[in-house]
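J.: The structure's right below; bear with me while I get my questions together.
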Amino acid sequence: DLDKVLGPPPPRSFSTDGPGCSCCGIRLGSAIMRCSSCDGLAVYCNESCQRAHWPWHKKLCKHLKKQAAEAAAKAEAEGVKQAGALVYNPPVTRPGLSNLGNTCYMNSLLQCAYAIKPLTQFLVSNRYTDELNKDNFEGSGGELVTALCTLFKDMKFGDSQTISPIPMKRVVGRVNEDYAGFQQHDTTEFAGFLFDKISEDLCRITKKPYVERLDCSRADVDLHAAEAWDGFKRRSESMVTDLVYGLFESTCICARCKHVAVAFDPYANLNLSFPTNPMRIMTVVLHRWRGKDGVASGSTKKKKKGKGGGGGGGGGEEGEKIRNAPREVSVKVRADGSVWDVQREVAQATGCDPEKLCMFEIYQNTFYNWFRAREDKLSDVQVTDVLAAYECHPFFSSEKTNFIHALIVQRDHEGDPFGTPIATSFERGLTCDAVRWHIWGQVKRQLDWAKVQEAIDEKKLTEEQMVEEFLPLQFCDSFETLRQGNEDGLDPFPTDDPRVFATCIEEKFVKGWCCFNLAWTKEWLSLFDKQEVERMTEDDTVSKLGRQGEGDHTSLDDMLEGFGKPETLSKEDAFFCQKCKEHQPALKTIKIRRLPNVLIVGFKRFEYRTPYRSDKLSQFVSYPVDGLQVGRHAKAADDKDAVYDLFGVILHYGRAGFGHYVAYARSWESNGPTGKQGEMEKAWYEFDDGNVRRIKPEHVVTEHAYALFYRRRTFF
């Protein structure tokens, strides 16, 4: 069928303007090939592209012809002189890849690999078949690159919003048994495997020569670097090595004889370590303990009687209200520490007893996470999380304590939480009525007492009668009920029960804690002082250290600078000294000798402390989206003016051993495998397995970044 629509092959012509090839996307000049069956809606740069595109275009072509014929027949029947016009609106975004079971590491990398425009053009146009090396024992016999080509064609030409990468997954599992199952894997390790194998599948060298590994001195390092790169190309030259491979320069100085040995190694991705012992700035909202009258601990000001008999925070002066308000405190702790470290530093900075502080994560005006164990890792706390510390009586996990600890969330008449959630404690021997008054003392400071007095006078009630009649207190059967506001788990507060409160709800304790829901009516909400509800003071530590997320981050440039710092090799990692003729400890330094056209940067966020324990570093890394200048970190003269633009980001959510990968990517106009590349698109898209959505450019720089993909503006 294709031979019937093929015209005579015109000379290949390229241009910076004009239509793009329907297959590879390269911009074309005036001399182009067109599909005659659909009036030239599909245009091509050569016959190879048209043949590669035909299996996908054939179905669309027939549909367009049928659509045009129906439109022409309808126009003729209506007596309208109108020819059937062919109209095709291609999809705006490429499809997502369905998750087959823990395959997000593969999906995210494939989306970023697809965004490497020269590689995608090379595969989907079938030009790779001219360089396919099935006899290379170091490759996959051409299976992997063929499966990748088929997947890329489905993503480019298919009409489905979600594609299942089952064929690709099967081939990956056959080539490497480590990826045969559905376990979780590291996406940067998978990137190294994928680019290595497709590089061997596309290797232009059919018979690889023997190339001796070079060890040289400092005197002739430039010459030996060129020889090392030439030796690597003589064995592994391919389209992939032209794009993603660079060269490391490794220098070892023997600790015994001071002999200097310089070696060179190719690399496909640059894995960067975080600074040693990084620190984090944590900002915590501190709530000092309040007694039944709502006065913070440590207050020396005498309580002042309010108009309605409120006392304490009710009718007190402005200074007393500020002293009762929550306070923001900033502390500096180790990034690989625990939440208990934050709790201890907050206590030291404010004069509290760390044993009397209870730490929570607050989200949307309610308790979201409860840090009860001292081993809770700080790496699980993100930069945007809000931590709050509540001063209570000493907390013990045993239920048989002298105090009961209570969590209180306030909700409006529509059931939405508002204001500040409250954590407090009271003696176990209090009656139900006394407990109700204790809780009233925690929230009364938030009321506008002028309005309260008006309500008291209007209803002709005392404050005691108002509390007994209108305080909308409900008991929650679990922490989850408190957090989600599930009405099925709410019970009325035992107001009229004369017994001790602990006896009434003994079976509903959660290790010495109980939870309350305050469901205010619309009438009660009108009595709240909005300024007082939202009031928060700032500790001096905030101005000295900054806020959470400020100062606890590093930059990509700093990490590249630290990449070249010397490290001492231990006896276990000793290198063989050619002068001593034995393995010796050494001082090793790795530098970037040659930069690739496509720079893949990975962050070493996982620290494996033991075979059974690993921690994730959640430190924020700032990196430029456009105009990354890496030249000063490379030693090759041709790389000094190298400028890169970001086109892909792989994010990791979760912790070590349990998480999820997501990709951000954008496209660019390519003029082929060499020369100056075209402009980057402004639109960024998020690829969360099968879900694809457009995102704002300012969201591309994120604390969850795990791998970055940069394109060199001018390929060498």
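All residue names refer to the structure tokens as shown: chains lettered A, B, ... in order, residues numbered from 1 in each chain, ligands numbered from 1 in order.
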Neighbouring residues of A:Glu468 were defined as those with any atom within 12 Å, considering only C-alpha atoms; residues of the same chain fewer than 6 positions away were excluded. Please report them as a ChimeraX atom specification.

T.: /A:432-437,440,461-462,493-496

J.: Using DSSP on the backbone, list every residue of stretch 108-312 of chain A that comes out as helix (DSSP H, G or I), and give them as a ChimeraX atom specification.

T.: /A:108-114,117-124,127-130,143-157,166-175,177-179,187-201,221-236,239-244

J.: Selection from above, C-alpha atoms, as a JSON list (two decimals), in the first residue's frame, can you write it?

T.:
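The file below, result.json, is the result:
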```json
[["chain", "number", "residue", "atom", "x", "y", "z"],
["A", 108, "SER", "CA", 9.70, 8.04, 34.52],
["A", 109, "LEU", "CA", 13.03, 7.31, 32.84],
["A", 110, "LEU", "CA", 11.39, 6.38, 29.51],
["A", 111, "GLN", "CA", 9.48, 9.68, 29.48],
["A", 112, "CYS", "CA", 12.73, 11.62, 29.97],
["A", 113, "ALA", "CA", 14.56, 9.44, 27.42],
["A", 114, "TYR", "CA", 11.76, 10.15, 24.91],
["A", 117, "LYS", "CA", 14.90, 14.67, 20.66],
["A", 118, "PRO", "CA", 17.86, 13.44, 18.53],
["A", 119, "LEU", "CA", 17.53, 9.94, 19.99],
["A", 120, "THR", "CA", 13.77, 9.84, 19.38],
["A", 121, "GLN", "CA", 14.19, 11.09, 15.80],
["A", 122, "PHE", "CA", 16.87, 8.49, 15.16],
["A", 123, "LEU", "CA", 14.66, 5.62, 16.39],
["A", 124, "VAL", "CA", 11.19, 6.49, 15.07],
["A", 127, "ARG", "CA", 17.47, 5.14, 10.69],
["A", 128, "TYR", "CA", 18.72, 3.03, 13.58],
["A", 129, "THR", "CA", 18.32, -0.13, 11.45],
["A", 130, "ASP", "CA", 21.38, 0.89, 9.43],
["A", 143, "GLU", "CA", 16.02, -6.66, 21.22],
["A", 144, "LEU", "CA", 16.14, -3.74, 23.63],
["A", 145, "VAL", "CA", 16.60, -0.95, 21.10],
["A", 146, "THR", "CA", 13.89, -2.45, 18.86],
["A", 147, "ALA", "CA", 11.45, -2.60, 21.79],
["A", 148, "LEU", "CA", 12.35, 0.98, 22.72],
["A", 149, "CYS", "CA", 11.78, 2.09, 19.12],
["A", 150, "THR", "CA", 8.34, 0.44, 19.03],
["A", 151, "LEU", "CA", 7.38, 2.09, 22.32],
["A", 152, "PHE", "CA", 8.53, 5.51, 21.12],
["A", 153, "LYS", "CA", 6.51, 5.10, 17.92],
["A", 154, "ASP", "CA", 3.41, 4.24, 19.94],
["A", 155, "MET", "CA", 3.98, 7.31, 22.09],
["A", 156, "LYS", "CA", 4.52, 9.59, 19.09],
["A", 157, "PHE", "CA", 2.01, 8.27, 16.55],
["A", 166, "ILE", "CA", 4.43, -4.64, 28.66],
["A", 167, "PRO", "CA", 6.60, -5.54, 25.60],
["A", 168, "MET", "CA", 9.34, -3.22, 26.83],
["A", 169, "LYS", "CA", 9.18, -4.67, 30.35],
["A", 170, "ARG", "CA", 9.44, -8.24, 29.02],
["A", 171, "VAL", "CA", 12.53, -7.44, 26.97],
["A", 172, "VAL", "CA", 14.15, -5.61, 29.90],
["A", 173, "GLY", "CA", 13.52, -8.66, 32.12],
["A", 174, "ARG", "CA", 15.03, -11.03, 29.54],
["A", 175, "VAL", "CA", 18.14, -8.91, 29.09],
["A", 177, "GLU", "CA", 17.08, -10.79, 35.30],
["A", 178, "ASP", "CA", 17.27, -8.19, 38.06],
["A", 179, "TYR", "CA", 14.39, -6.36, 36.33],
["A", 187, "THR", "CA", 15.79, 4.84, 38.36],
["A", 188, "THR", "CA", 19.38, 6.12, 37.97],
["A", 189, "GLU", "CA", 20.71, 2.55, 38.05],
["A", 190, "PHE", "CA", 18.14, 1.60, 35.44],
["A", 191, "ALA", "CA", 19.26, 4.58, 33.34],
["A", 192, "GLY", "CA", 22.84, 3.30, 33.38],
["A", 193, "PHE", "CA", 21.67, -0.16, 32.31],
["A", 194, "LEU", "CA", 19.37, 1.11, 29.55],
["A", 195, "PHE", "CA", 21.82, 3.51, 27.90],
["A", 196, "ASP", "CA", 24.65, 0.99, 28.16],
["A", 197, "LYS", "CA", 22.66, -1.75, 26.40],
["A", 198, "ILE", "CA", 21.14, 0.35, 23.62],
["A", 199, "SER", "CA", 24.60, 1.86, 23.06],
["A", 200, "GLU", "CA", 25.95, -1.64, 22.48],
["A", 201, "ASP", "CA", 22.96, -2.52, 20.27],
["A", 221, "VAL", "CA", 47.38, 14.44, 30.90],
["A", 222, "ASP", "CA", 45.74, 16.36, 28.02],
["A", 223, "LEU", "CA", 47.26, 14.10, 25.40],
["A", 224, "HIS", "CA", 46.32, 10.95, 27.27],
["A", 225, "ALA", "CA", 42.78, 12.24, 27.81],
["A", 226, "ALA", "CA", 42.35, 12.59, 24.05],
["A", 227, "GLU", "CA", 43.81, 9.12, 23.54],
["A", 228, "ALA", "CA", 41.49, 7.65, 26.19],
["A", 229, "TRP", "CA", 38.41, 9.17, 24.55],
["A", 230, "ASP", "CA", 39.57, 7.98, 21.14],
["A", 231, "GLY", "CA", 40.10, 4.50, 22.54],
["A", 232, "PHE", "CA", 36.60, 4.48, 24.01],
["A", 233, "LYS", "CA", 35.10, 5.56, 20.68],
["A", 234, "ARG", "CA", 37.08, 2.91, 18.78],
["A", 235, "ARG", "CA", 35.30, 0.25, 20.84],
["A", 236, "SER", "CA", 31.92, 1.79, 21.64],
["A", 239, "MET", "CA", 24.47, 7.31, 18.47],
["A", 240, "VAL", "CA", 24.04, 6.96, 22.24],
["A", 241, "THR", "CA", 27.70, 7.58, 23.08],
["A", 242, "ASP", "CA", 27.55, 10.71, 20.93],
["A", 243, "LEU", "CA", 24.69, 11.98, 23.10],
["A", 244, "VAL", "CA", 24.99, 10.94, 26.74]]
```

J.: Name all residues at most 9 Å from stretch 646-662 of chain A (count only C-alpha atoms; drop same-chain ones fewer than 3 positions away) and give them as a PyMOL selection string.

T.: chain A and resi 102-109+111-113+115-116+184-185+187+379-380+605-607+613-617+624-628+665-668+680-681+684+686-689+700-711

J.: Report as a VMD selection string all protein, DNA and RNA residues lying within 8 Å of A:Arg204, evaluated on only C-alpha atoms, omitting residues in the same chain fewer than 4 positions from it.

T.: chain A and resid 131 to 133 236 to 238

J.: Can you measure atom CA of A:Arg34 to atom CA of A:Glu679 for me? One decimal in Å is fine.

T.: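 A separation of 26.2 Å between them.
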
J.: Mind running stretch 375-440 of chain A against stretch 323-346 of chain A at 12 Å and telling me each contacting residue's nearest atom pair with the distance in Å (one decimal), counting only C-alpha atoms, chain and number ascending, as JSON lines?

T.:
```
{"residue": "A:Glu375", "atom": "CA", "partner": "A:Ser338", "partner_atom": "CA", "distance": 6.1}
{"residue": "A:Asp376", "atom": "CA", "partner": "A:Ser338", "partner_atom": "CA", "distance": 5.6}
{"residue": "A:Lys377", "atom": "CA", "partner": "A:Ser338", "partner_atom": "CA", "distance": 4.4}
{"residue": "A:Leu378", "atom": "CA", "partner": "A:Ser338", "partner_atom": "CA", "distance": 4.6}
{"residue": "A:Ser379", "atom": "CA", "partner": "A:Asp336", "partner_atom": "CA", "distance": 6.4}
{"residue": "A:Asp380", "atom": "CA", "partner": "A:Ser338", "partner_atom": "CA", "distance": 9.2}
{"residue": "A:Val381", "atom": "CA", "partner": "A:Val339", "partner_atom": "CA", "distance": 8.5}
{"residue": "A:Gln382", "atom": "CA", "partner": "A:Ala335", "partner_atom": "CA", "distance": 11.1}
{"residue": "A:Val383", "atom": "CA", "partner": "A:Ala335", "partner_atom": "CA", "distance": 11.4}
{"residue": "A:Val386", "atom": "CA", "partner": "A:Glu328", "partner_atom": "CA", "distance": 10.7}
{"residue": "A:Leu387", "atom": "CA", "partner": "A:Val339", "partner_atom": "CA", "distance": 9.7}
{"residue": "A:Ala388", "atom": "CA", "partner": "A:Glu328", "partner_atom": "CA", "distance": 8.9}
{"residue": "A:Ala389", "atom": "CA", "partner": "A:Gln343", "partner_atom": "CA", "distance": 7.5}
{"residue": "A:Tyr390", "atom": "CA", "partner": "A:Pro326", "partner_atom": "CA", "distance": 9.5}
{"residue": "A:Glu391", "atom": "CA", "partner": "A:Gln343", "partner_atom": "CA", "distance": 10.7}
{"residue": "A:Gly419", "atom": "CA", "partner": "A:Pro326", "partner_atom": "CA", "distance": 11.6}
{"residue": "A:Thr420", "atom": "CA", "partner": "A:Pro326", "partner_atom": "CA", "distance": 9.0}
{"residue": "A:Pro421", "atom": "CA", "partner": "A:Pro326", "partner_atom": "CA", "distance": 11.0}
{"residue": "A:Ile422", "atom": "CA", "partner": "A:Pro326", "partner_atom": "CA", "distance": 10.6}
```

J.: For atom CA of A:Lys451 and atom CA of A:Thr521, determine how far apart the two atoms are, in Å to one decimal place.

T.: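 A separation of 15.2 Å between them.
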
J.: List the neighbours of A:Asp557 out to 12 Å using only C-alpha atoms; skip same-chain residues closer than 6 positions along the sequence, and give me the result as a PyMOL selection string.

T.: chain A and resi 272+274+563-564+601+621-624+628-633

J.: Produce a file of the selected residues containing C-alpha atoms, as a PDB file, in the first residue's frame.

T.:
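This went into again.pdb:
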```
ATOM      1  CA  LEU A 272      26.429  13.724  43.081  1.00  0.00           C
ATOM      2  CA  PHE A 274      25.243  15.785  49.391  1.00  0.00           C
ATOM      3  CA  PHE A 563      32.287  16.388  43.372  1.00  0.00           C
ATOM      4  CA  GLY A 564      35.940  17.176  42.664  1.00  0.00           C
ATOM      5  CA  VAL A 601      22.695  14.285  36.938  1.00  0.00           C
ATOM      6  CA  VAL A 621      18.685  21.313  45.899  1.00  0.00           C
ATOM      7  CA  SER A 622      18.319  24.473  43.825  1.00  0.00           C
ATOM      8  CA  TYR A 623      19.119  24.047  40.126  1.00  0.00           C
ATOM      9  CA  PRO A 624      18.684  26.345  37.114  1.00  0.00           C
ATOM     10  CA  LEU A 628      23.355  25.971  33.548  1.00  0.00           C
ATOM     11  CA  GLN A 629      27.063  26.740  33.155  1.00  0.00           C
ATOM     12  CA  VAL A 630      29.124  23.661  33.913  1.00  0.00           C
ATOM     13  CA  GLY A 631      32.213  24.690  31.985  1.00  0.00           C
ATOM     14  CA  ARG A 632      34.222  25.743  35.040  1.00  0.00           C
ATOM     15  CA  HIS A 633      33.835  22.244  36.491  1.00  0.00           C
TER      16      HIS A 633
END
```

J.: Identify, on the basis of only C-alpha atoms, every residue whose closest approach to A:Ile592 does not exceed 7 Å; exclude the query and any residue fewer than 5 positions from it along the same chain; express the result as a PyMOL selection string.

T.: chain A and resi 247-249+633-635

J.: Can you pull out every residue within 8 Å of A:Leu270, counting only C-alpha atoms, but drop anything in the same chain fewer than 5 positions away, and send it as a ChimeraX atom specification?

T.: /A:599-602
